[in-house]
file upload19.cif (mmCIF, N, CA, C and O atoms)
data_entry
#
loop_
_atom_site.label_atom_id
_atom_site.label_comp_id
_atom_site.auth_asym_id
_atom_site.auth_seq_id
_atom_site.Cartn_x
_atom_site.Cartn_y
_atom_site.Cartn_z
N MET A 1 -26.66 -20.62 -6.10
CA MET A 1 -25.76 -20.92 -5.01
C MET A 1 -26.41 -20.44 -3.72
O MET A 1 -26.84 -19.31 -3.63
N GLY A 2 -26.45 -21.27 -2.71
CA GLY A 2 -27.12 -20.94 -1.47
C GLY A 2 -26.28 -20.08 -0.53
O GLY A 2 -25.07 -19.92 -0.72
N ARG A 3 -26.97 -19.53 0.45
CA ARG A 3 -26.29 -18.69 1.45
C ARG A 3 -25.18 -19.45 2.17
O ARG A 3 -24.12 -18.90 2.43
N ARG A 4 -25.48 -20.70 2.49
CA ARG A 4 -24.51 -21.50 3.24
C ARG A 4 -23.21 -21.65 2.45
O ARG A 4 -22.12 -21.47 3.00
N ARG A 5 -23.34 -21.96 1.19
CA ARG A 5 -22.15 -22.16 0.35
C ARG A 5 -21.35 -20.86 0.19
O ARG A 5 -20.12 -20.87 0.27
N ILE A 6 -22.05 -19.75 -0.02
CA ILE A 6 -21.39 -18.46 -0.17
C ILE A 6 -20.66 -18.07 1.12
O ILE A 6 -19.50 -17.65 1.08
N LEU A 7 -21.33 -18.23 2.26
CA LEU A 7 -20.69 -17.92 3.55
C LEU A 7 -19.46 -18.79 3.77
O LEU A 7 -18.44 -18.32 4.28
N MET A 8 -19.55 -20.05 3.40
CA MET A 8 -18.43 -20.97 3.58
C MET A 8 -17.24 -20.54 2.72
O MET A 8 -16.10 -20.49 3.20
N ILE A 9 -17.49 -20.21 1.46
CA ILE A 9 -16.41 -19.79 0.55
C ILE A 9 -15.77 -18.50 1.04
O ILE A 9 -14.54 -18.38 1.10
N VAL A 10 -16.60 -17.52 1.40
CA VAL A 10 -16.07 -16.24 1.88
C VAL A 10 -15.31 -16.44 3.19
O VAL A 10 -14.22 -15.88 3.38
N GLY A 11 -15.84 -17.25 4.09
CA GLY A 11 -15.19 -17.50 5.37
C GLY A 11 -13.82 -18.15 5.20
O GLY A 11 -12.84 -17.74 5.83
N VAL A 12 -13.74 -19.15 4.36
CA VAL A 12 -12.46 -19.82 4.12
C VAL A 12 -11.47 -18.85 3.47
O VAL A 12 -10.29 -18.81 3.85
N ALA A 13 -11.94 -18.07 2.50
CA ALA A 13 -11.06 -17.10 1.83
C ALA A 13 -10.52 -16.07 2.83
O ALA A 13 -9.33 -15.75 2.82
N LEU A 14 -11.39 -15.56 3.71
CA LEU A 14 -10.95 -14.59 4.71
C LEU A 14 -9.96 -15.21 5.69
O LEU A 14 -8.96 -14.58 6.07
N ALA A 15 -10.22 -16.44 6.13
CA ALA A 15 -9.31 -17.10 7.06
C ALA A 15 -7.94 -17.32 6.42
O ALA A 15 -6.90 -17.07 7.06
N LEU A 16 -7.91 -17.75 5.17
CA LEU A 16 -6.63 -17.96 4.48
C LEU A 16 -5.88 -16.64 4.27
O LEU A 16 -4.66 -16.58 4.46
N MET A 17 -6.62 -15.59 3.91
CA MET A 17 -5.98 -14.29 3.73
C MET A 17 -5.42 -13.78 5.05
O MET A 17 -4.32 -13.23 5.10
N GLY A 18 -6.18 -13.99 6.12
CA GLY A 18 -5.71 -13.58 7.44
C GLY A 18 -4.44 -14.30 7.83
O GLY A 18 -3.51 -13.70 8.38
N MET A 19 -4.37 -15.60 7.54
CA MET A 19 -3.16 -16.36 7.86
C MET A 19 -1.97 -15.89 7.02
O MET A 19 -0.84 -15.85 7.52
N LEU A 20 -2.22 -15.50 5.78
CA LEU A 20 -1.16 -14.94 4.95
C LEU A 20 -0.64 -13.64 5.55
O LEU A 20 0.56 -13.42 5.66
N TRP A 21 -1.56 -12.77 5.98
CA TRP A 21 -1.16 -11.51 6.60
C TRP A 21 -0.37 -11.74 7.89
O TRP A 21 0.60 -11.05 8.15
N ILE A 22 -0.78 -12.73 8.68
CA ILE A 22 -0.04 -13.05 9.90
C ILE A 22 1.37 -13.50 9.54
O ILE A 22 2.36 -13.05 10.15
N GLY A 23 1.47 -14.38 8.55
CA GLY A 23 2.79 -14.86 8.12
C GLY A 23 3.68 -13.74 7.61
O GLY A 23 4.88 -13.70 7.90
N GLN A 24 3.10 -12.81 6.87
CA GLN A 24 3.89 -11.68 6.38
C GLN A 24 4.28 -10.76 7.53
O GLN A 24 5.42 -10.27 7.58
N GLY A 25 3.37 -10.51 8.44
CA GLY A 25 3.68 -9.65 9.58
C GLY A 25 4.78 -10.22 10.46
O GLY A 25 5.60 -9.49 11.00
N LEU A 26 4.81 -11.54 10.59
CA LEU A 26 5.87 -12.20 11.36
C LEU A 26 7.17 -12.34 10.58
O LEU A 26 8.20 -12.69 11.15
N GLY A 27 7.12 -12.11 9.29
CA GLY A 27 8.31 -12.27 8.46
C GLY A 27 8.53 -13.70 8.01
O GLY A 27 9.60 -14.02 7.49
N LEU A 28 7.55 -14.57 8.22
CA LEU A 28 7.68 -15.97 7.80
C LEU A 28 7.39 -16.14 6.32
O LEU A 28 7.94 -17.04 5.68
N VAL A 29 6.51 -15.31 5.79
CA VAL A 29 6.15 -15.35 4.38
C VAL A 29 6.71 -14.09 3.74
O VAL A 29 6.29 -12.99 4.07
N ARG A 30 7.64 -14.25 2.85
CA ARG A 30 8.27 -13.09 2.20
C ARG A 30 7.86 -13.03 0.74
O ARG A 30 8.68 -12.97 -0.17
N TRP A 31 6.55 -13.12 0.53
CA TRP A 31 5.99 -13.05 -0.81
C TRP A 31 4.87 -12.04 -0.83
O TRP A 31 4.02 -12.09 0.06
N PRO A 32 4.81 -11.16 -1.75
CA PRO A 32 5.87 -10.80 -2.70
C PRO A 32 7.02 -10.10 -1.98
O PRO A 32 6.82 -9.49 -0.94
N ALA A 33 8.20 -10.20 -2.53
CA ALA A 33 9.40 -9.69 -1.86
C ALA A 33 9.34 -8.20 -1.58
O ALA A 33 9.95 -7.71 -0.64
N SER A 34 8.58 -7.46 -2.37
CA SER A 34 8.51 -6.01 -2.20
C SER A 34 7.34 -5.58 -1.32
O SER A 34 7.03 -4.39 -1.26
N SER A 35 6.70 -6.52 -0.63
CA SER A 35 5.52 -6.20 0.16
C SER A 35 5.85 -5.30 1.35
O SER A 35 6.84 -5.51 2.05
N PHE A 36 5.03 -4.31 1.57
CA PHE A 36 5.20 -3.39 2.70
C PHE A 36 4.75 -4.04 4.01
O PHE A 36 4.96 -3.48 5.08
N MET A 37 4.16 -5.21 3.96
CA MET A 37 3.62 -5.87 5.15
C MET A 37 4.64 -6.75 5.86
O MET A 37 4.41 -7.17 6.99
N ILE A 38 5.77 -7.03 5.24
CA ILE A 38 6.76 -7.96 5.80
C ILE A 38 7.40 -7.35 7.04
O ILE A 38 7.86 -6.21 7.03
N ASP A 39 7.40 -8.14 8.13
CA ASP A 39 7.98 -7.76 9.42
C ASP A 39 7.31 -6.52 10.02
O ASP A 39 7.97 -5.73 10.71
N GLN A 40 6.04 -6.34 9.79
CA GLN A 40 5.29 -5.21 10.35
C GLN A 40 4.24 -5.75 11.31
O GLN A 40 3.30 -6.42 10.90
N ARG A 41 4.39 -5.45 12.60
CA ARG A 41 3.50 -5.97 13.63
C ARG A 41 2.01 -5.69 13.41
O ARG A 41 1.19 -6.55 13.74
N PRO A 42 1.62 -4.52 12.91
CA PRO A 42 0.18 -4.29 12.74
C PRO A 42 -0.50 -5.35 11.88
O PRO A 42 -1.69 -5.64 12.06
N TRP A 43 0.23 -5.95 10.96
CA TRP A 43 -0.38 -6.95 10.08
C TRP A 43 -0.62 -8.28 10.78
O TRP A 43 -1.45 -9.07 10.35
N ILE A 44 0.08 -8.50 11.89
CA ILE A 44 -0.21 -9.69 12.71
C ILE A 44 -1.58 -9.51 13.34
O ILE A 44 -2.41 -10.43 13.33
N ILE A 45 -1.85 -8.33 13.86
CA ILE A 45 -3.13 -8.04 14.51
C ILE A 45 -4.26 -8.02 13.48
O ILE A 45 -5.31 -8.65 13.68
N ASN A 46 -4.05 -7.34 12.37
CA ASN A 46 -5.06 -7.28 11.32
C ASN A 46 -5.35 -8.68 10.76
O ASN A 46 -6.52 -9.03 10.53
N GLY A 47 -4.31 -9.46 10.55
CA GLY A 47 -4.49 -10.81 10.04
C GLY A 47 -5.23 -11.70 11.02
O GLY A 47 -6.07 -12.51 10.62
N SER A 48 -4.93 -11.54 12.29
CA SER A 48 -5.63 -12.33 13.32
C SER A 48 -7.12 -12.01 13.32
O SER A 48 -7.96 -12.91 13.39
N ALA A 49 -7.43 -10.72 13.26
CA ALA A 49 -8.84 -10.31 13.25
C ALA A 49 -9.55 -10.85 12.00
O ALA A 49 -10.69 -11.35 12.09
N LEU A 50 -8.89 -10.79 10.87
CA LEU A 50 -9.49 -11.27 9.62
C LEU A 50 -9.68 -12.79 9.66
O LEU A 50 -10.73 -13.30 9.24
N ALA A 51 -8.70 -13.51 10.18
CA ALA A 51 -8.80 -14.96 10.27
C ALA A 51 -9.94 -15.37 11.21
O ALA A 51 -10.70 -16.29 10.91
N VAL A 52 -10.08 -14.67 12.33
CA VAL A 52 -11.17 -14.97 13.27
C VAL A 52 -12.51 -14.69 12.61
O VAL A 52 -13.45 -15.50 12.73
N LEU A 53 -12.63 -13.58 11.90
CA LEU A 53 -13.87 -13.27 11.20
C LEU A 53 -14.20 -14.37 10.19
O LEU A 53 -15.36 -14.81 10.11
N GLY A 54 -13.22 -14.84 9.46
CA GLY A 54 -13.43 -15.91 8.51
C GLY A 54 -13.90 -17.19 9.19
O GLY A 54 -14.83 -17.85 8.71
N LEU A 55 -13.30 -17.53 10.32
CA LEU A 55 -13.71 -18.73 11.04
C LEU A 55 -15.12 -18.61 11.60
O LEU A 55 -15.88 -19.58 11.61
N VAL A 56 -15.49 -17.41 12.04
CA VAL A 56 -16.86 -17.17 12.52
C VAL A 56 -17.85 -17.38 11.38
O VAL A 56 -18.90 -18.01 11.56
N LEU A 57 -17.53 -16.87 10.20
CA LEU A 57 -18.41 -17.07 9.05
C LEU A 57 -18.54 -18.56 8.69
O LEU A 57 -19.63 -19.02 8.36
N VAL A 58 -17.45 -19.30 8.80
CA VAL A 58 -17.51 -20.74 8.54
C VAL A 58 -18.41 -21.42 9.56
O VAL A 58 -19.24 -22.27 9.21
N LEU A 59 -18.28 -21.05 10.82
CA LEU A 59 -19.12 -21.64 11.86
C LEU A 59 -20.60 -21.31 11.65
O LEU A 59 -21.47 -22.17 11.82
N ILE A 60 -20.88 -20.07 11.26
CA ILE A 60 -22.26 -19.68 10.97
C ILE A 60 -22.79 -20.49 9.79
O ILE A 60 -23.93 -20.99 9.83
N ALA A 61 -21.98 -20.64 8.76
CA ALA A 61 -22.40 -21.39 7.57
C ALA A 61 -22.70 -22.85 7.92
O ALA A 61 -23.64 -23.44 7.40
N ARG A 62 -21.94 -23.40 8.82
CA ARG A 62 -22.15 -24.80 9.20
C ARG A 62 -23.44 -24.98 9.99
O ARG A 62 -24.03 -26.06 9.98
N ARG A 63 -23.89 -23.92 10.67
CA ARG A 63 -25.12 -24.03 11.47
C ARG A 63 -26.38 -23.79 10.63
O ARG A 63 -27.47 -24.11 11.07
N LEU A 64 -26.23 -23.20 9.45
CA LEU A 64 -27.39 -22.96 8.58
C LEU A 64 -27.86 -24.27 7.97
O LEU A 64 -27.09 -25.19 7.73
N ARG A 65 -29.15 -24.33 7.73
CA ARG A 65 -29.72 -25.54 7.10
C ARG A 65 -29.76 -25.41 5.60
O ARG A 65 -29.85 -24.44 5.01
#
call {"tool": "encode", "arguments": {"input": "upload19.cif", "output": "structure tokens"}}
result
Amino acid sequence: MGRRRILMIVGVALALMGMLWIGQGLGLVRWPASSFMIDQRPWIINGSALAVLGLVLVLIARRLR
């Protein structure tokens, strides 16, 4: 498996996880119901940072040959 493919997979996974954290921090995603992240503002910030990092990795992967 090449570097490009690995970076793409990791980038997409990080972006999706970041969006989940944002949704939980905003209280839009209440899964799992016992999560300590629901309605907690710090997870909006953490999720945003993680999603941006994931998107940067995707962009880097797209530029690799």
call {"tool": "residues_around", "arguments": {"input": "upload19.cif", "residues": "stretch 32-45 of chain A", "least_positions_apart": "4", "cutoff": "6 Å", "atoms": "only C-alpha atoms", "output": "PyMOL selection string"}}
result
chain A and resi 21-22+24-27
call {"tool": "resolve_selection", "arguments": {"input": "upload19.cif", "expression": "the PyMOL selection byres ((chain A and resi 52-56) around 6)", "output": "PyMOL selection string"}}
result
chain A and resi 7+10-12+14-15+47-51+57-61
call {"tool": "atom_distance", "arguments": {"input": "upload19.cif", "atom1": "atom C of A:Leu64", "atom2": "atom C of A:Arg4"}}
result
7.7 Å
call {"tool": "atom_distance", "arguments": {"input": "upload19.cif", "atom1": "atom CA of A:Arg63", "atom2": "atom CA of A:Met19"}}
result
23.5 Å
call {"tool": "closest_residue", "arguments": {"input": "upload19.cif", "among": "A:Leu20, A:Arg65, A:Asn46, A:Leu28", "to": "A:Arg3", "atoms": "all atoms listed in the file"}}
result
A:Arg65
call {"tool": "select_by_dssp", "arguments": {"input": "upload19.cif", "residues": "chain A", "states": "helix (DSSP H, G or I)", "output": "NGL selection string"}}
result
:A and (3-26 or 42-63)
call {"tool": "atom_distance", "arguments": {"input": "upload19.cif", "atom1": "atom C of A:Ile9", "atom2": "atom CA of A:Arg62"}}
result
12.1 Å
call {"tool": "decode", "arguments": {"input": "upload19.cif", "residues": "stretch 46-58 of chain A", "atoms": "all heavy atoms", "output": "CSV table (one decimal), in the first residue's frame"}}
result
chain,number,residue,atom,x,y,z
A,46,ASN,N,-11.8,20.8,19.6
A,46,ASN,CA,-11.0,19.6,19.4
A,46,ASN,C,-11.4,18.9,18.1
A,46,ASN,O,-10.5,18.6,17.3
A,46,ASN,CB,-11.1,18.6,20.5
A,46,ASN,CG,-10.5,19.1,21.8
A,46,ASN,OD1,-9.8,20.1,21.8
A,46,ASN,ND2,-10.8,18.5,22.9
A,47,GLY,N,-12.7,18.8,17.8
A,47,GLY,CA,-13.2,18.2,16.6
A,47,GLY,C,-12.9,19.0,15.4
A,47,GLY,O,-12.5,18.5,14.3
A,48,SER,N,-12.9,20.3,15.5
A,48,SER,CA,-12.6,21.2,14.4
A,48,SER,C,-11.1,21.0,14.0
A,48,SER,O,-10.8,20.9,12.8
A,48,SER,CB,-12.9,22.6,14.7
A,48,SER,OG,-14.3,22.8,15.0
A,49,ALA,N,-10.3,21.0,15.0
A,49,ALA,CA,-8.8,20.9,14.8
A,49,ALA,C,-8.5,19.5,14.1
A,49,ALA,O,-7.7,19.4,13.2
A,49,ALA,CB,-8.1,21.0,16.1
A,50,LEU,N,-9.2,18.5,14.6
A,50,LEU,CA,-9.0,17.1,14.1
A,50,LEU,C,-9.5,17.0,12.6
A,50,LEU,O,-8.8,16.5,11.8
A,50,LEU,CB,-9.7,16.1,14.9
A,50,LEU,CG,-9.3,14.6,14.6
A,50,LEU,CD1,-7.8,14.4,14.9
A,50,LEU,CD2,-10.2,13.7,15.5
A,51,ALA,N,-10.6,17.6,12.4
A,51,ALA,CA,-11.2,17.6,11.0
A,51,ALA,C,-10.3,18.4,10.0
A,51,ALA,O,-10.1,17.9,8.9
A,51,ALA,CB,-12.6,18.2,11.0
A,52,VAL,N,-9.8,19.5,10.5
A,52,VAL,CA,-8.8,20.3,9.6
A,52,VAL,C,-7.6,19.5,9.3
A,52,VAL,O,-7.1,19.4,8.2
A,52,VAL,CB,-8.5,21.7,10.3
A,52,VAL,CG1,-7.4,22.3,9.6
A,52,VAL,CG2,-9.8,22.5,10.2
A,53,LEU,N,-7.0,18.9,10.4
A,53,LEU,CA,-5.8,18.0,10.2
A,53,LEU,C,-6.1,16.9,9.2
A,53,LEU,O,-5.3,16.7,8.3
A,53,LEU,CB,-5.4,17.4,11.5
A,53,LEU,CG,-4.2,16.5,11.5
A,53,LEU,CD1,-3.0,17.2,11.0
A,53,LEU,CD2,-4.0,15.8,12.8
A,54,GLY,N,-7.3,16.3,9.3
A,54,GLY,CA,-7.6,15.2,8.3
A,54,GLY,C,-7.7,15.8,6.9
A,54,GLY,O,-7.2,15.1,6.0
A,55,LEU,N,-8.3,16.9,6.7
A,55,LEU,CA,-8.5,17.5,5.4
A,55,LEU,C,-7.1,17.9,4.8
A,55,LEU,O,-6.9,17.8,3.6
A,55,LEU,CB,-9.4,18.7,5.4
A,55,LEU,CG,-10.9,18.4,5.7
A,55,LEU,CD1,-11.7,19.7,5.8
A,55,LEU,CD2,-11.4,17.5,4.7
A,56,VAL,N,-6.2,18.4,5.7
A,56,VAL,CA,-4.8,18.7,5.2
A,56,VAL,C,-4.1,17.4,4.8
A,56,VAL,O,-3.5,17.5,3.7
A,56,VAL,CB,-4.0,19.4,6.4
A,56,VAL,CG1,-2.6,19.5,6.0
A,56,VAL,CG2,-4.6,20.8,6.6
A,57,LEU,N,-4.3,16.3,5.5
A,57,LEU,CA,-3.7,15.1,5.0
A,57,LEU,C,-4.3,14.6,3.7
A,57,LEU,O,-3.5,14.1,2.9
A,57,LEU,CB,-3.9,14.0,6.1
A,57,LEU,CG,-3.1,14.1,7.4
A,57,LEU,CD1,-3.4,13.0,8.3
A,57,LEU,CD2,-1.6,14.2,7.1
A,58,VAL,N,-5.6,14.8,3.5
A,58,VAL,CA,-6.2,14.4,2.2
A,58,VAL,C,-5.6,15.3,1.1
A,58,VAL,O,-5.3,14.8,0.0
A,58,VAL,CB,-7.7,14.6,2.3
A,58,VAL,CG1,-8.3,14.5,0.9
A,58,VAL,CG2,-8.3,13.5,3.2
